[in-house]
$ cat protein-v3.tsv   # TSV, C-alpha atoms
chain	number	residue	atom	x	y	z
A	1	MET	CA	106.43	95.66	114.69
A	2	ASP	CA	104.51	92.62	115.98
A	3	LEU	CA	102.32	94.96	118.01
A	4	PHE	CA	101.54	96.92	114.86
A	5	PHE	CA	100.23	93.89	112.97
A	6	LYS	CA	97.20	93.77	115.30
A	7	TYR	CA	95.99	96.97	113.66
A	8	LEU	CA	96.32	95.70	110.10
A	9	LYS	CA	93.86	93.64	108.10
A	10	GLN	CA	94.80	91.51	105.11
A	11	LYS	CA	92.62	92.20	102.08
A	12	LYS	CA	92.54	90.89	98.53
A	13	TYR	CA	91.54	92.79	95.43
A	14	ASN	CA	90.94	91.13	92.10
A	15	LYS	CA	92.54	92.50	88.96
A	16	LYS	CA	90.61	95.64	87.86
A	17	GLU	CA	88.92	96.03	91.27
A	18	PHE	CA	89.01	99.51	92.82
A	19	LEU	CA	90.68	100.16	96.18
A	20	LEU	CA	89.38	103.73	96.04
A	21	GLU	CA	86.92	105.55	93.79
A	22	GLN	CA	86.64	109.26	93.03
A	23	ASP	CA	84.38	111.23	95.43
A	24	SER	CA	84.66	108.70	98.25
A	25	ILE	CA	86.77	109.47	101.33
A	26	CYS	CA	89.98	107.50	101.57
A	27	ASN	CA	90.08	106.26	105.17
A	28	PHE	CA	92.92	103.75	104.73
A	29	LYS	CA	96.55	103.22	103.91
A	30	CYS	CA	97.51	99.96	102.20
A	31	PHE	CA	100.82	98.17	102.24
A	32	ILE	CA	101.13	96.08	99.07
A	33	ILE	CA	102.29	92.51	99.77
A	34	THR	CA	101.87	91.22	96.22
A	35	GLY	CA	100.39	92.85	93.17
A	36	LEU	CA	100.31	96.18	91.45
A	37	VAL	CA	97.97	99.18	91.52
A	38	ARG	CA	97.64	102.44	89.62
A	39	ALA	CA	96.37	105.80	90.89
A	40	PHE	CA	94.73	107.96	88.25
A	41	VAL	CA	92.55	111.03	87.77
A	42	ILE	CA	90.09	111.71	84.99
A	43	ASP	CA	90.63	115.11	83.36
A	44	GLU	CA	88.08	117.55	81.93
A	45	LYS	CA	88.08	115.72	78.61
A	46	GLY	CA	87.29	112.39	80.27
A	47	LYS	CA	90.82	111.08	79.75
A	48	GLU	CA	92.50	108.88	82.39
A	49	ASN	CA	95.86	110.25	83.61
A	50	ILE	CA	98.05	107.96	85.68
A	51	ILE	CA	99.61	109.78	88.62
A	52	HIS	CA	101.61	106.90	90.03
A	53	PHE	CA	101.89	103.15	90.32
A	54	GLY	CA	102.16	101.17	93.54
A	55	ILE	CA	104.10	97.92	93.76
A	56	GLU	CA	105.22	95.42	96.42
A	57	ASN	CA	106.54	97.00	99.64
A	58	TRP	CA	104.96	100.39	98.92
A	59	TRP	CA	102.22	102.12	100.86
A	60	VAL	CA	99.34	103.53	98.82
A	61	SER	CA	96.68	105.99	99.87
A	62	ASN	CA	95.31	109.35	98.85
A	63	MET	CA	97.00	111.53	101.41
A	64	GLU	CA	94.82	114.63	100.98
A	65	SER	CA	91.61	112.64	101.30
A	66	PHE	CA	93.02	110.54	104.17
A	67	ILE	CA	94.33	113.43	106.27
A	68	LEU	CA	91.72	116.10	105.54
A	69	GLU	CA	88.80	113.67	105.17
A	70	LYS	CA	87.85	115.23	101.85
A	71	PRO	CA	86.34	113.36	98.87
A	72	SER	CA	89.08	111.87	96.72
A	73	HIS	CA	89.88	113.11	93.21
A	74	LEU	CA	91.84	109.93	92.63
A	75	PHE	CA	90.93	106.41	91.66
A	76	ILE	CA	93.17	103.59	92.89
A	77	GLN	CA	92.75	100.36	90.94
A	78	ALA	CA	94.40	96.93	91.05
A	79	LEU	CA	96.18	96.05	87.79
A	80	GLU	CA	96.92	92.50	88.98
A	81	ASP	CA	95.35	90.38	91.72
A	82	THR	CA	96.65	92.30	94.70
A	83	THR	CA	97.01	91.45	98.39
A	84	VAL	CA	97.48	94.27	100.86
A	85	LEU	CA	97.73	94.94	104.56
A	86	LEU	CA	95.18	97.64	105.19
A	87	ILE	CA	95.06	100.03	108.14
A	88	THR	CA	92.12	102.37	108.72
A	89	LYS	CA	92.60	105.96	109.84
A	90	GLU	CA	91.05	105.14	113.24
A	91	ASN	CA	93.40	102.21	113.77
A	92	LEU	CA	96.43	104.17	112.65
A	93	GLU	CA	95.66	106.97	115.13
A	94	LEU	CA	95.24	104.34	117.86
A	95	ALA	CA	98.48	102.66	116.83
A	96	TYR	CA	100.37	106.00	116.98
A	97	VAL	CA	99.21	106.40	120.58
A	98	ASN	CA	100.02	102.85	121.66
A	99	ILE	CA	103.26	102.42	119.70
A	100	PRO	CA	104.96	105.84	119.71
A	101	LYS	CA	107.89	104.52	117.63
A	102	LEU	CA	105.46	104.19	114.74
A	103	GLU	CA	105.58	107.97	114.35
A	104	ARG	CA	109.21	107.63	113.27
A	105	VAL	CA	108.37	104.79	110.86
A	106	PHE	CA	105.62	106.78	109.15
A	107	ARG	CA	107.67	109.99	109.23
A	108	ILE	CA	110.29	108.14	107.17
A	109	ILE	CA	107.73	106.45	104.89
A	110	THR	CA	106.15	109.84	104.17
A	111	GLU	CA	109.57	111.38	103.45
A	112	ASN	CA	110.24	108.62	100.92
A	113	MET	CA	106.89	109.23	99.26
A	114	LEU	CA	107.72	112.92	99.06
A	115	ILE	CA	111.12	112.18	97.50
A	116	ALA	CA	109.53	109.91	94.87
A	117	ILE	CA	106.96	112.52	93.88
A	118	GLU	CA	109.51	115.38	93.85
A	119	ARG	CA	111.86	113.33	91.70
A	120	LYS	CA	109.08	112.59	89.21
A	121	ASN	CA	108.19	116.29	89.02
A	122	GLU	CA	111.81	117.23	88.36
A	123	TYR	CA	112.04	114.65	85.57
A	124	TYR	CA	109.01	116.18	83.89
A	125	ILE	CA	110.41	119.66	84.01
A	126	LYS	CA	114.04	118.92	83.20
A	127	MET	CA	113.75	116.14	80.65
A	128	GLY	CA	112.34	115.61	77.19
A	129	SER	CA	110.03	112.62	76.56
A	130	LYS	CA	112.89	110.41	75.38
A	131	GLU	CA	115.02	110.94	78.51
A	132	ARG	CA	111.94	110.39	80.69
A	133	TYR	CA	111.35	107.03	79.04
A	134	THR	CA	115.01	105.99	79.41
A	135	SER	CA	115.06	106.95	83.11
A	136	PHE	CA	111.78	105.17	83.71
A	137	ILE	CA	112.97	101.97	82.08
A	138	SER	CA	116.36	101.94	83.78
A	139	GLU	CA	114.84	102.60	87.22
A	140	LEU	CA	111.92	100.23	86.87
A	141	LYS	CA	113.08	97.46	84.56
A	142	THR	CA	111.05	94.48	85.82
A	143	PHE	CA	108.08	96.57	86.81
A	144	SER	CA	107.68	98.11	83.36
A	145	GLN	CA	107.05	94.63	81.89
A	146	ARG	CA	104.03	94.17	84.16
A	147	VAL	CA	102.16	97.25	82.94
A	148	PRO	CA	100.36	97.70	79.60
A	149	GLN	CA	102.27	100.06	77.31
A	150	TYR	CA	99.43	102.56	77.03
A	151	MET	CA	99.51	103.01	80.81
A	152	ILE	CA	103.24	103.69	80.77
A	153	ALA	CA	102.57	106.29	78.07
A	154	SER	CA	99.89	107.89	80.25
A	155	TYR	CA	102.25	107.97	83.25
A	156	LEU	CA	105.02	109.53	81.13
A	157	GLN	CA	102.52	111.96	79.59
A	158	ILE	CA	103.37	110.94	76.04
A	159	THR	CA	101.20	109.35	73.35
A	160	PRO	CA	101.19	105.53	72.97
A	161	GLU	CA	102.39	106.04	69.37
A	162	TYR	CA	105.41	108.02	70.47
A	163	LEU	CA	106.19	105.45	73.18
A	164	SER	CA	106.14	102.67	70.60
A	165	GLU	CA	108.55	104.69	68.44
A	166	LEU	CA	110.92	105.20	71.41
A	167	ARG	CA	110.87	101.46	72.14
A	168	LYS	CA	111.77	100.63	68.55
A	169	ASN	CA	114.73	103.02	68.52
A	170	LYS	CA	116.17	102.18	71.90
B	1	MET	CA	108.87	122.95	121.86
B	2	ASP	CA	111.21	125.02	124.07
B	3	LEU	CA	113.64	122.11	124.09
B	4	PHE	CA	113.59	122.06	120.30
B	5	PHE	CA	114.62	125.70	119.95
B	6	LYS	CA	118.09	124.82	121.29
B	7	TYR	CA	118.72	122.96	118.03
B	8	LEU	CA	117.67	125.82	115.76
B	9	LYS	CA	119.76	128.75	114.57
B	10	GLN	CA	118.30	132.04	113.36
B	11	LYS	CA	119.70	133.10	110.00
B	12	LYS	CA	119.04	136.03	107.67
B	13	TYR	CA	119.21	136.00	103.91
B	14	ASN	CA	119.16	139.14	101.83
B	15	LYS	CA	116.82	139.44	98.87
B	16	LYS	CA	118.27	137.39	95.94
B	17	GLU	CA	120.62	135.45	98.22
B	18	PHE	CA	120.71	131.66	97.78
B	19	LEU	CA	119.78	129.32	100.63
B	20	LEU	CA	120.80	126.39	98.43
B	21	GLU	CA	122.55	126.11	95.07
B	22	GLN	CA	122.45	123.31	92.53
B	23	ASP	CA	125.07	120.54	93.05
B	24	SER	CA	125.57	121.28	96.73
B	25	ILE	CA	124.17	118.95	99.37
B	26	CYS	CA	121.20	120.32	101.29
B	27	ASN	CA	121.98	119.57	104.93
B	28	PHE	CA	119.30	121.77	106.47
B	29	LYS	CA	115.60	122.42	106.87
B	30	CYS	CA	114.50	126.04	107.29
B	31	PHE	CA	111.39	127.37	108.95
B	32	ILE	CA	110.50	130.76	107.43
B	33	ILE	CA	109.76	133.40	110.09
B	34	THR	CA	109.45	136.32	107.67
B	35	GLY	CA	110.11	136.54	103.96
B	36	LEU	CA	109.60	134.54	100.84
B	37	VAL	CA	111.70	132.06	98.85
B	38	ARG	CA	111.39	130.23	95.57
B	39	ALA	CA	112.70	126.77	94.66
B	40	PHE	CA	113.57	126.33	91.00
B	41	VAL	CA	115.41	124.05	88.57
B	42	ILE	CA	117.14	125.01	85.35
B	43	ASP	CA	116.06	122.86	82.41
B	44	GLU	CA	118.07	121.63	79.44
B	45	LYS	CA	117.42	124.86	77.56
B	46	GLY	CA	118.77	126.97	80.45
B	47	LYS	CA	115.30	128.14	81.46
B	48	GLU	CA	114.38	128.62	85.13
B	49	ASN	CA	111.31	126.62	86.23
B	50	ILE	CA	109.78	127.42	89.59
B	51	ILE	CA	108.81	124.26	91.48
B	52	HIS	CA	107.35	125.92	94.55
B	53	PHE	CA	107.37	129.01	96.73
B	54	GLY	CA	107.95	129.08	100.48
B	55	ILE	CA	106.32	131.66	102.75
B	56	GLU	CA	105.99	132.41	106.45
B	57	ASN	CA	105.33	129.35	108.64
B	58	TRP	CA	106.48	126.88	106.00
B	59	TRP	CA	109.48	124.57	106.13
B	60	VAL	CA	111.72	124.56	103.07
B	61	SER	CA	114.40	122.08	102.12
B	62	ASN	CA	115.30	119.77	99.27
B	63	MET	CA	114.10	116.50	100.70
B	64	GLU	CA	115.93	114.17	98.29
B	65	SER	CA	119.25	115.93	98.84
B	66	PHE	CA	118.65	116.20	102.60
B	67	ILE	CA	117.66	112.57	103.18
B	68	LEU	CA	119.87	110.79	100.65
B	69	GLU	CA	122.78	113.26	100.92
B	70	LYS	CA	122.87	113.65	97.16
B	71	PRO	CA	123.79	116.85	95.26
B	72	SER	CA	120.72	119.05	94.84
B	73	HIS	CA	119.09	119.69	91.47
B	74	LEU	CA	117.26	122.62	93.02
B	75	PHE	CA	118.14	126.18	93.78
B	76	ILE	CA	116.41	127.86	96.73
B	77	GLN	CA	116.58	131.66	96.63
B	78	ALA	CA	115.21	134.45	98.81
B	79	LEU	CA	112.81	136.74	96.92
B	80	GLU	CA	112.57	139.16	99.86
B	81	ASP	CA	114.83	139.71	102.87
B	82	THR	CA	114.11	136.47	104.69
B	83	THR	CA	114.64	135.33	108.27
B	84	VAL	CA	114.56	131.63	109.02
B	85	LEU	CA	115.11	129.18	111.83
B	86	LEU	CA	117.57	126.67	110.41
B	87	ILE	CA	118.21	123.15	111.66
B	88	THR	CA	121.05	121.03	110.30
B	89	LYS	CA	120.60	117.33	109.55
B	90	GLU	CA	122.91	116.41	112.46
B	91	ASN	CA	120.93	118.54	114.90
B	92	LEU	CA	117.61	117.21	113.65
B	93	GLU	CA	118.75	113.60	114.14
B	94	LEU	CA	119.92	114.53	117.65
B	95	ALA	CA	116.63	116.29	118.37
B	96	TYR	CA	114.61	113.22	117.22
B	97	VAL	CA	116.52	111.12	119.78
B	98	ASN	CA	116.20	113.61	122.64
B	99	ILE	CA	112.62	114.76	121.94
B	100	PRO	CA	110.77	111.72	120.61
B	101	LYS	CA	107.54	113.74	120.21
B	102	LEU	CA	109.28	115.61	117.40
B	103	GLU	CA	108.83	112.54	115.21
B	104	ARG	CA	105.08	113.18	115.29
B	105	VAL	CA	105.55	116.87	114.50
B	106	PHE	CA	107.71	116.18	111.47
B	107	ARG	CA	105.54	113.26	110.38
B	108	ILE	CA	102.65	115.72	110.18
B	109	ILE	CA	104.74	118.48	108.54
B	110	THR	CA	105.90	116.00	105.89
B	111	GLU	CA	102.32	114.84	105.29
B	112	ASN	CA	101.27	118.45	104.71
B	113	MET	CA	104.13	118.95	102.26
B	114	LEU	CA	103.04	115.83	100.43
B	115	ILE	CA	99.44	117.04	100.26
B	116	ALA	CA	100.53	120.41	98.85
B	117	ILE	CA	102.64	118.83	96.14
B	118	GLU	CA	99.99	116.22	95.25
B	119	ARG	CA	97.34	118.92	95.00
B	120	LYS	CA	99.53	120.99	92.68
B	121	ASN	CA	100.14	117.95	90.46
B	122	GLU	CA	96.42	117.24	90.24
B	123	TYR	CA	95.73	120.86	89.27
B	124	TYR	CA	98.21	120.57	86.41
B	125	ILE	CA	96.67	117.42	85.09
B	126	LYS	CA	93.01	118.24	85.60
B	127	MET	CA	92.87	121.94	84.79
B	128	GLY	CA	93.51	124.21	81.85
B	129	SER	CA	95.81	127.25	82.29
B	130	LYS	CA	92.89	129.56	83.06
B	131	GLU	CA	91.49	127.42	85.89
B	132	ARG	CA	95.00	126.99	87.29
B	133	TYR	CA	95.40	130.75	87.48
B	134	THR	CA	91.99	131.24	89.13
B	135	SER	CA	92.70	128.55	91.75
B	136	PHE	CA	96.14	129.97	92.42
B	137	ILE	CA	94.83	133.49	92.92
B	138	SER	CA	91.90	132.45	95.10
B	139	GLU	CA	94.10	130.25	97.31
B	140	LEU	CA	97.01	132.65	97.58
B	141	LYS	CA	95.55	136.13	97.29
B	142	THR	CA	97.98	138.20	99.38
B	143	PHE	CA	100.96	136.08	98.50
B	144	SER	CA	100.49	136.52	94.75
B	145	GLN	CA	101.00	140.28	95.14
B	146	ARG	CA	104.48	139.73	96.59
B	147	VAL	CA	105.82	137.79	93.61
B	148	PRO	CA	106.79	139.20	90.18
B	149	GLN	CA	104.29	138.19	87.51
B	150	TYR	CA	106.84	136.36	85.37
B	151	MET	CA	107.56	134.04	88.34
B	152	ILE	CA	103.88	133.27	88.79
B	153	ALA	CA	103.79	132.42	85.09
B	154	SER	CA	106.78	130.10	85.51
B	155	TYR	CA	105.14	128.39	88.49
B	156	LEU	CA	101.89	127.94	86.56
B	157	GLN	CA	103.81	126.77	83.50
B	158	ILE	CA	102.25	129.38	81.24
B	159	THR	CA	103.87	132.23	79.30
B	160	PRO	CA	104.04	135.71	80.89
B	161	GLU	CA	102.04	137.02	77.90
B	162	TYR	CA	99.22	134.56	78.52
B	163	LEU	CA	99.23	135.38	82.22
B	164	SER	CA	98.87	139.07	81.45
B	165	GLU	CA	95.91	138.25	79.17
B	166	LEU	CA	94.25	136.18	81.93
B	167	ARG	CA	94.70	139.04	84.41
B	168	LYS	CA	93.07	141.52	82.02
B	169	ASN	CA	90.04	139.29	81.45
B	170	LYS	CA	89.38	138.21	85.01
$ encode --input "protein-v3.tsv" --output "structure tokens"
Amino acid sequence: MDLFFKYLKQKKYNKKEFLLEQDSICNFKCFIITGLVRAFVIDEKGKENIIHFGIENWWVSNMESFILEKPSHLFIQALEDTTVLLITKENLELAYVNIPKLERVFRIITENMLIAIERKNEYYIKMGSKERYTSFISELKTFSQRVPQYMIASYLQITPEYLSELRKNK
Amino acid sequence: MDLFFKYLKQKKYNKKEFLLEQDSICNFKCFIITGLVRAFVIDEKGKENIIHFGIENWWVSNMESFILEKPSHLFIQALEDTTVLLITKENLELAYVNIPKLERVFRIITENMLIAIERKNEYYIKMGSKERYTSFISELKTFSQRVPQYMIASYLQITPEYLSELRKNK
């Protein structure tokens, strides 16, 4: 892994700063050392919808934009002061060539991302809002205290009012 | 790739046969040679919800069950007579060791799966039912004629009645 660090660059984002904005091409993957980010899209009505959060030890990127070099539909924004290790697409391709074992590492990272997103989708289909909230809280206890309530509501696709009701009755 | 074929087994499923049932552990990945499958979950009300379809040249599996060896929440069922190349988890692990380049192949396959699922999620959040239907039809023209309408409705999370209305007005 020491070899790999040559290809990474440490970068700091202030709270509220954007790692990625809509319509730009995402040419990086970031490994979060400390901090917290959210990825969101803006829908037809101008409303922000949180797709996922990224915390310590997770990689964040917009895969479609990164791989296909298409303009991003996503915003990625720091919710706390955030320090990341960033790798550009060019450096990652170079690193794959020079450190073939990295293919395995990123194959496994990508599988874990896929599992996380599939699990979230299943939750949404199989569960009511209340069960979603309970699962979210039990899986992400400490994390959920770092995020404003209205963002948790957006992520769970429920209204902030309903979330507040669920919290009272828990 | 010739080396890799040693690890694969050709298997045929009749129309309506299950490749995977809920609560069993998914210990395979299948590459579809001919045919069509659907992956679905049953929600609390007993309703079937289609998560995705799988067609020729796609890999299907339940990643969470496959990787974490947990009972599957998904069913995978053939919608036509379907022929696949199947690889078990044991054989895939063996193949990764003996053909290191396979890591790259499956890293890229997994990335493409992730892109497909992320794109679908974005559609659901950003678009109304009508736009979803139009995008689906324009992206999957031939495929959409092979699937019963009520399954397309389930996949698009709209009612069969509304789908029929959209088709009339297109």
$ interface_residues --input "protein-v3.tsv" --of "chain B" --to "chain A" --cutoff "6 Å" --atoms "all atoms listed in the file" --output "list in words"
Asp43, Glu64, Glu103, Arg104, Arg107, Leu114, Ile115 and Lys126 of chain B
$ calpha_fit_and_write --input "protein-v3.tsv" --fixed "chain A" --moving "chain B" --output "tab-separated table (two decimals) with C-alpha atoms, in the coordinates of the input"
chain	number	residue	atom	x	y	z
B	1	MET	CA	106.41	95.65	114.68
B	2	ASP	CA	104.51	92.61	116.00
B	3	LEU	CA	102.32	94.96	118.02
B	4	PHE	CA	101.53	96.91	114.87
B	5	PHE	CA	100.23	93.89	112.98
B	6	LYS	CA	97.20	93.76	115.32
B	7	TYR	CA	95.98	96.96	113.67
B	8	LEU	CA	96.32	95.70	110.10
B	9	LYS	CA	93.84	93.64	108.10
B	10	GLN	CA	94.79	91.50	105.11
B	11	LYS	CA	92.61	92.19	102.08
B	12	LYS	CA	92.56	90.88	98.52
B	13	TYR	CA	91.55	92.78	95.43
B	14	ASN	CA	90.95	91.12	92.10
B	15	LYS	CA	92.54	92.50	88.96
B	16	LYS	CA	90.60	95.65	87.87
B	17	GLU	CA	88.94	96.03	91.27
B	18	PHE	CA	88.99	99.51	92.83
B	19	LEU	CA	90.67	100.16	96.18
B	20	LEU	CA	89.37	103.73	96.04
B	21	GLU	CA	86.93	105.55	93.77
B	22	GLN	CA	86.63	109.25	93.03
B	23	ASP	CA	84.36	111.21	95.44
B	24	SER	CA	84.66	108.69	98.25
B	25	ILE	CA	86.75	109.46	101.32
B	26	CYS	CA	89.98	107.50	101.57
B	27	ASN	CA	90.08	106.27	105.16
B	28	PHE	CA	92.90	103.76	104.74
B	29	LYS	CA	96.55	103.23	103.93
B	30	CYS	CA	97.49	99.96	102.21
B	31	PHE	CA	100.81	98.17	102.23
B	32	ILE	CA	101.13	96.07	99.06
B	33	ILE	CA	102.28	92.50	99.79
B	34	THR	CA	101.87	91.22	96.23
B	35	GLY	CA	100.38	92.85	93.17
B	36	LEU	CA	100.30	96.18	91.46
B	37	VAL	CA	97.97	99.19	91.51
B	38	ARG	CA	97.65	102.43	89.62
B	39	ALA	CA	96.38	105.79	90.89
B	40	PHE	CA	94.74	107.96	88.25
B	41	VAL	CA	92.55	111.03	87.78
B	42	ILE	CA	90.09	111.72	84.99
B	43	ASP	CA	90.61	115.11	83.38
B	44	GLU	CA	88.07	117.54	81.97
B	45	LYS	CA	88.08	115.74	78.63
B	46	GLY	CA	87.29	112.39	80.28
B	47	LYS	CA	90.82	111.09	79.76
B	48	GLU	CA	92.50	108.88	82.38
B	49	ASN	CA	95.86	110.24	83.62
B	50	ILE	CA	98.05	107.96	85.68
B	51	ILE	CA	99.61	109.79	88.63
B	52	HIS	CA	101.61	106.91	90.04
B	53	PHE	CA	101.89	103.15	90.31
B	54	GLY	CA	102.16	101.17	93.53
B	55	ILE	CA	104.10	97.90	93.77
B	56	GLU	CA	105.20	95.42	96.41
B	57	ASN	CA	106.52	96.99	99.63
B	58	TRP	CA	104.96	100.38	98.92
B	59	TRP	CA	102.21	102.12	100.86
B	60	VAL	CA	99.35	103.53	98.81
B	61	SER	CA	96.68	105.98	99.86
B	62	ASN	CA	95.31	109.35	98.84
B	63	MET	CA	96.99	111.53	101.41
B	64	GLU	CA	94.81	114.63	100.98
B	65	SER	CA	91.60	112.64	101.30
B	66	PHE	CA	93.01	110.55	104.17
B	67	ILE	CA	94.32	113.45	106.26
B	68	LEU	CA	91.71	116.12	105.53
B	69	GLU	CA	88.79	113.67	105.16
B	70	LYS	CA	87.84	115.22	101.85
B	71	PRO	CA	86.33	113.36	98.86
B	72	SER	CA	89.09	111.86	96.72
B	73	HIS	CA	89.88	113.11	93.22
B	74	LEU	CA	91.83	109.91	92.63
B	75	PHE	CA	90.93	106.41	91.67
B	76	ILE	CA	93.17	103.58	92.90
B	77	GLN	CA	92.75	100.35	90.95
B	78	ALA	CA	94.40	96.93	91.06
B	79	LEU	CA	96.17	96.05	87.79
B	80	GLU	CA	96.92	92.50	88.98
B	81	ASP	CA	95.36	90.38	91.72
B	82	THR	CA	96.66	92.30	94.71
B	83	THR	CA	97.01	91.45	98.39
B	84	VAL	CA	97.48	94.27	100.86
B	85	LEU	CA	97.72	94.94	104.56
B	86	LEU	CA	95.17	97.66	105.18
B	87	ILE	CA	95.04	100.03	108.14
B	88	THR	CA	92.10	102.37	108.70
B	89	LYS	CA	92.59	105.96	109.84
B	90	GLU	CA	91.05	105.15	113.25
B	91	ASN	CA	93.39	102.21	113.77
B	92	LEU	CA	96.43	104.19	112.66
B	93	GLU	CA	95.65	106.99	115.13
B	94	LEU	CA	95.24	104.35	117.86
B	95	ALA	CA	98.49	102.67	116.84
B	96	TYR	CA	100.38	106.02	116.97
B	97	VAL	CA	99.23	106.43	120.59
B	98	ASN	CA	100.02	102.86	121.66
B	99	ILE	CA	103.28	102.44	119.70
B	100	PRO	CA	104.97	105.85	119.70
B	101	LYS	CA	107.90	104.50	117.63
B	102	LEU	CA	105.46	104.20	114.73
B	103	GLU	CA	105.60	107.97	114.35
B	104	ARG	CA	109.23	107.61	113.25
B	105	VAL	CA	108.37	104.80	110.84
B	106	PHE	CA	105.63	106.78	109.14
B	107	ARG	CA	107.68	109.98	109.22
B	108	ILE	CA	110.30	108.14	107.17
B	109	ILE	CA	107.73	106.45	104.88
B	110	THR	CA	106.16	109.85	104.17
B	111	GLU	CA	109.58	111.38	103.45
B	112	ASN	CA	110.25	108.62	100.92
B	113	MET	CA	106.89	109.24	99.26
B	114	LEU	CA	107.73	112.92	99.06
B	115	ILE	CA	111.12	112.18	97.50
B	116	ALA	CA	109.54	109.92	94.87
B	117	ILE	CA	106.98	112.51	93.88
B	118	GLU	CA	109.52	115.38	93.85
B	119	ARG	CA	111.88	113.34	91.70
B	120	LYS	CA	109.10	112.58	89.21
B	121	ASN	CA	108.20	116.28	89.02
B	122	GLU	CA	111.81	117.23	88.36
B	123	TYR	CA	112.04	114.64	85.58
B	124	TYR	CA	109.01	116.18	83.89
B	125	ILE	CA	110.40	119.65	84.02
B	126	LYS	CA	114.03	118.91	83.22
B	127	MET	CA	113.76	116.14	80.65
B	128	GLY	CA	112.34	115.62	77.20
B	129	SER	CA	110.02	112.64	76.55
B	130	LYS	CA	112.89	110.44	75.38
B	131	GLU	CA	115.02	110.95	78.51
B	132	ARG	CA	111.94	110.40	80.68
B	133	TYR	CA	111.36	107.03	79.04
B	134	THR	CA	115.02	105.99	79.41
B	135	SER	CA	115.08	106.95	83.11
B	136	PHE	CA	111.80	105.18	83.72
B	137	ILE	CA	112.97	101.97	82.07
B	138	SER	CA	116.37	101.95	83.76
B	139	GLU	CA	114.86	102.60	87.21
B	140	LEU	CA	111.94	100.22	86.88
B	141	LYS	CA	113.08	97.45	84.56
B	142	THR	CA	111.06	94.47	85.80
B	143	PHE	CA	108.09	96.56	86.80
B	144	SER	CA	107.69	98.09	83.34
B	145	GLN	CA	107.05	94.62	81.89
B	146	ARG	CA	104.02	94.15	84.16
B	147	VAL	CA	102.17	97.24	82.94
B	148	PRO	CA	100.37	97.69	79.58
B	149	GLN	CA	102.27	100.06	77.30
B	150	TYR	CA	99.42	102.55	77.01
B	151	MET	CA	99.53	103.02	80.81
B	152	ILE	CA	103.25	103.68	80.76
B	153	ALA	CA	102.57	106.28	78.07
B	154	SER	CA	99.89	107.88	80.26
B	155	TYR	CA	102.26	107.96	83.24
B	156	LEU	CA	105.02	109.52	81.13
B	157	GLN	CA	102.54	111.95	79.59
B	158	ILE	CA	103.39	110.93	76.04
B	159	THR	CA	101.21	109.35	73.35
B	160	PRO	CA	101.19	105.54	72.97
B	161	GLU	CA	102.38	106.03	69.37
B	162	TYR	CA	105.42	108.02	70.49
B	163	LEU	CA	106.18	105.45	73.17
B	164	SER	CA	106.14	102.68	70.59
B	165	GLU	CA	108.56	104.71	68.44
B	166	LEU	CA	110.91	105.21	71.41
B	167	ARG	CA	110.86	101.47	72.15
B	168	LYS	CA	111.76	100.63	68.54
B	169	ASN	CA	114.71	103.03	68.51
B	170	LYS	CA	116.22	102.21	71.88
$ residues_near_point --input "protein-v3.tsv" --point "(90.1, 101.5, 89.0)" --cutoff "9 Å" --atoms "all atoms listed in the file" --output "NGL selection string"
:A and (16-21 or 37-40 or 75-79)
$ atom_distance --input "protein-v3.tsv" --atom1 "CA of Glu90 in chain A" --atom2 "CA of Asn57 in chain B"
28.5 Å
$ atom_distance --input "protein-v3.tsv" --atom1 "CA of Leu94 in chain B" --atom2 "CA of Phe5 in chain A"
28.9 Å
$ atom_distance --input "protein-v3.tsv" --atom1 "CA of Cys26 in chain A" --atom2 "CA of Pro71 in chain A"
7.4 Å
$ closest_residue --input "protein-v3.tsv" --among "A:Leu3, A:Ser24, A:Ile55, A:Ser164" --to "Val147 in chain A" --atoms "all atoms listed in the file"
A:Ile55
$ closest_residue --input "protein-v3.tsv" --among "A:Cys30, A:Ile99, A:Leu8, A:Leu86" --to "Ser61 in chain A" --atoms "only C-alpha atoms"
A:Cys30
$ closest_residue --input "protein-v3.tsv" --among "A:Phe4, A:Tyr150, A:Phe31, A:Tyr155" --to "Phe53 in chain A" --atoms "all atoms listed in the file"
A:Tyr155
$ closest_residue --input "protein-v3.tsv" --among "A:Val60, A:Leu166, A:Leu36, A:Ile87" --to "Gln145 in chain A" --atoms "only C-alpha atoms"
A:Leu36
$ closest_residue --input "protein-v3.tsv" --among "B:Ser129, B:Ser144, B:Ser72, B:Thr34" --to "Trp59 in chain B" --atoms "all atoms listed in the file"
B:Thr34
$ decode --input "protein-v3.tsv" --residues "range 79-90 of chain A" --atoms "C-alpha atoms" --output "short mmCIF file (atom, residue, chain, number, x, y, z; two decimals), in the first residue's frame"
data_model
loop_
_atom_site.label_atom_id
_atom_site.label_comp_id
_atom_site.auth_asym_id
_atom_site.auth_seq_id
_atom_site.Cartn_x
_atom_site.Cartn_y
_atom_site.Cartn_z
CA LEU A 79 -20.98 18.73 6.14
CA GLU A 80 -18.01 19.09 8.51
CA ASP A 81 -14.42 20.18 7.91
CA THR A 82 -13.26 17.18 5.94
CA THR A 83 -9.82 15.81 5.08
CA VAL A 84 -9.52 13.32 2.25
CA LEU A 85 -6.95 11.41 0.26
CA LEU A 86 -7.79 12.19 -3.33
CA ILE A 87 -6.79 10.20 -6.40
CA THR A 88 -7.43 11.47 -9.93
CA LYS A 89 -8.67 9.19 -12.69
CA GLU A 90 -5.31 9.49 -14.49
#
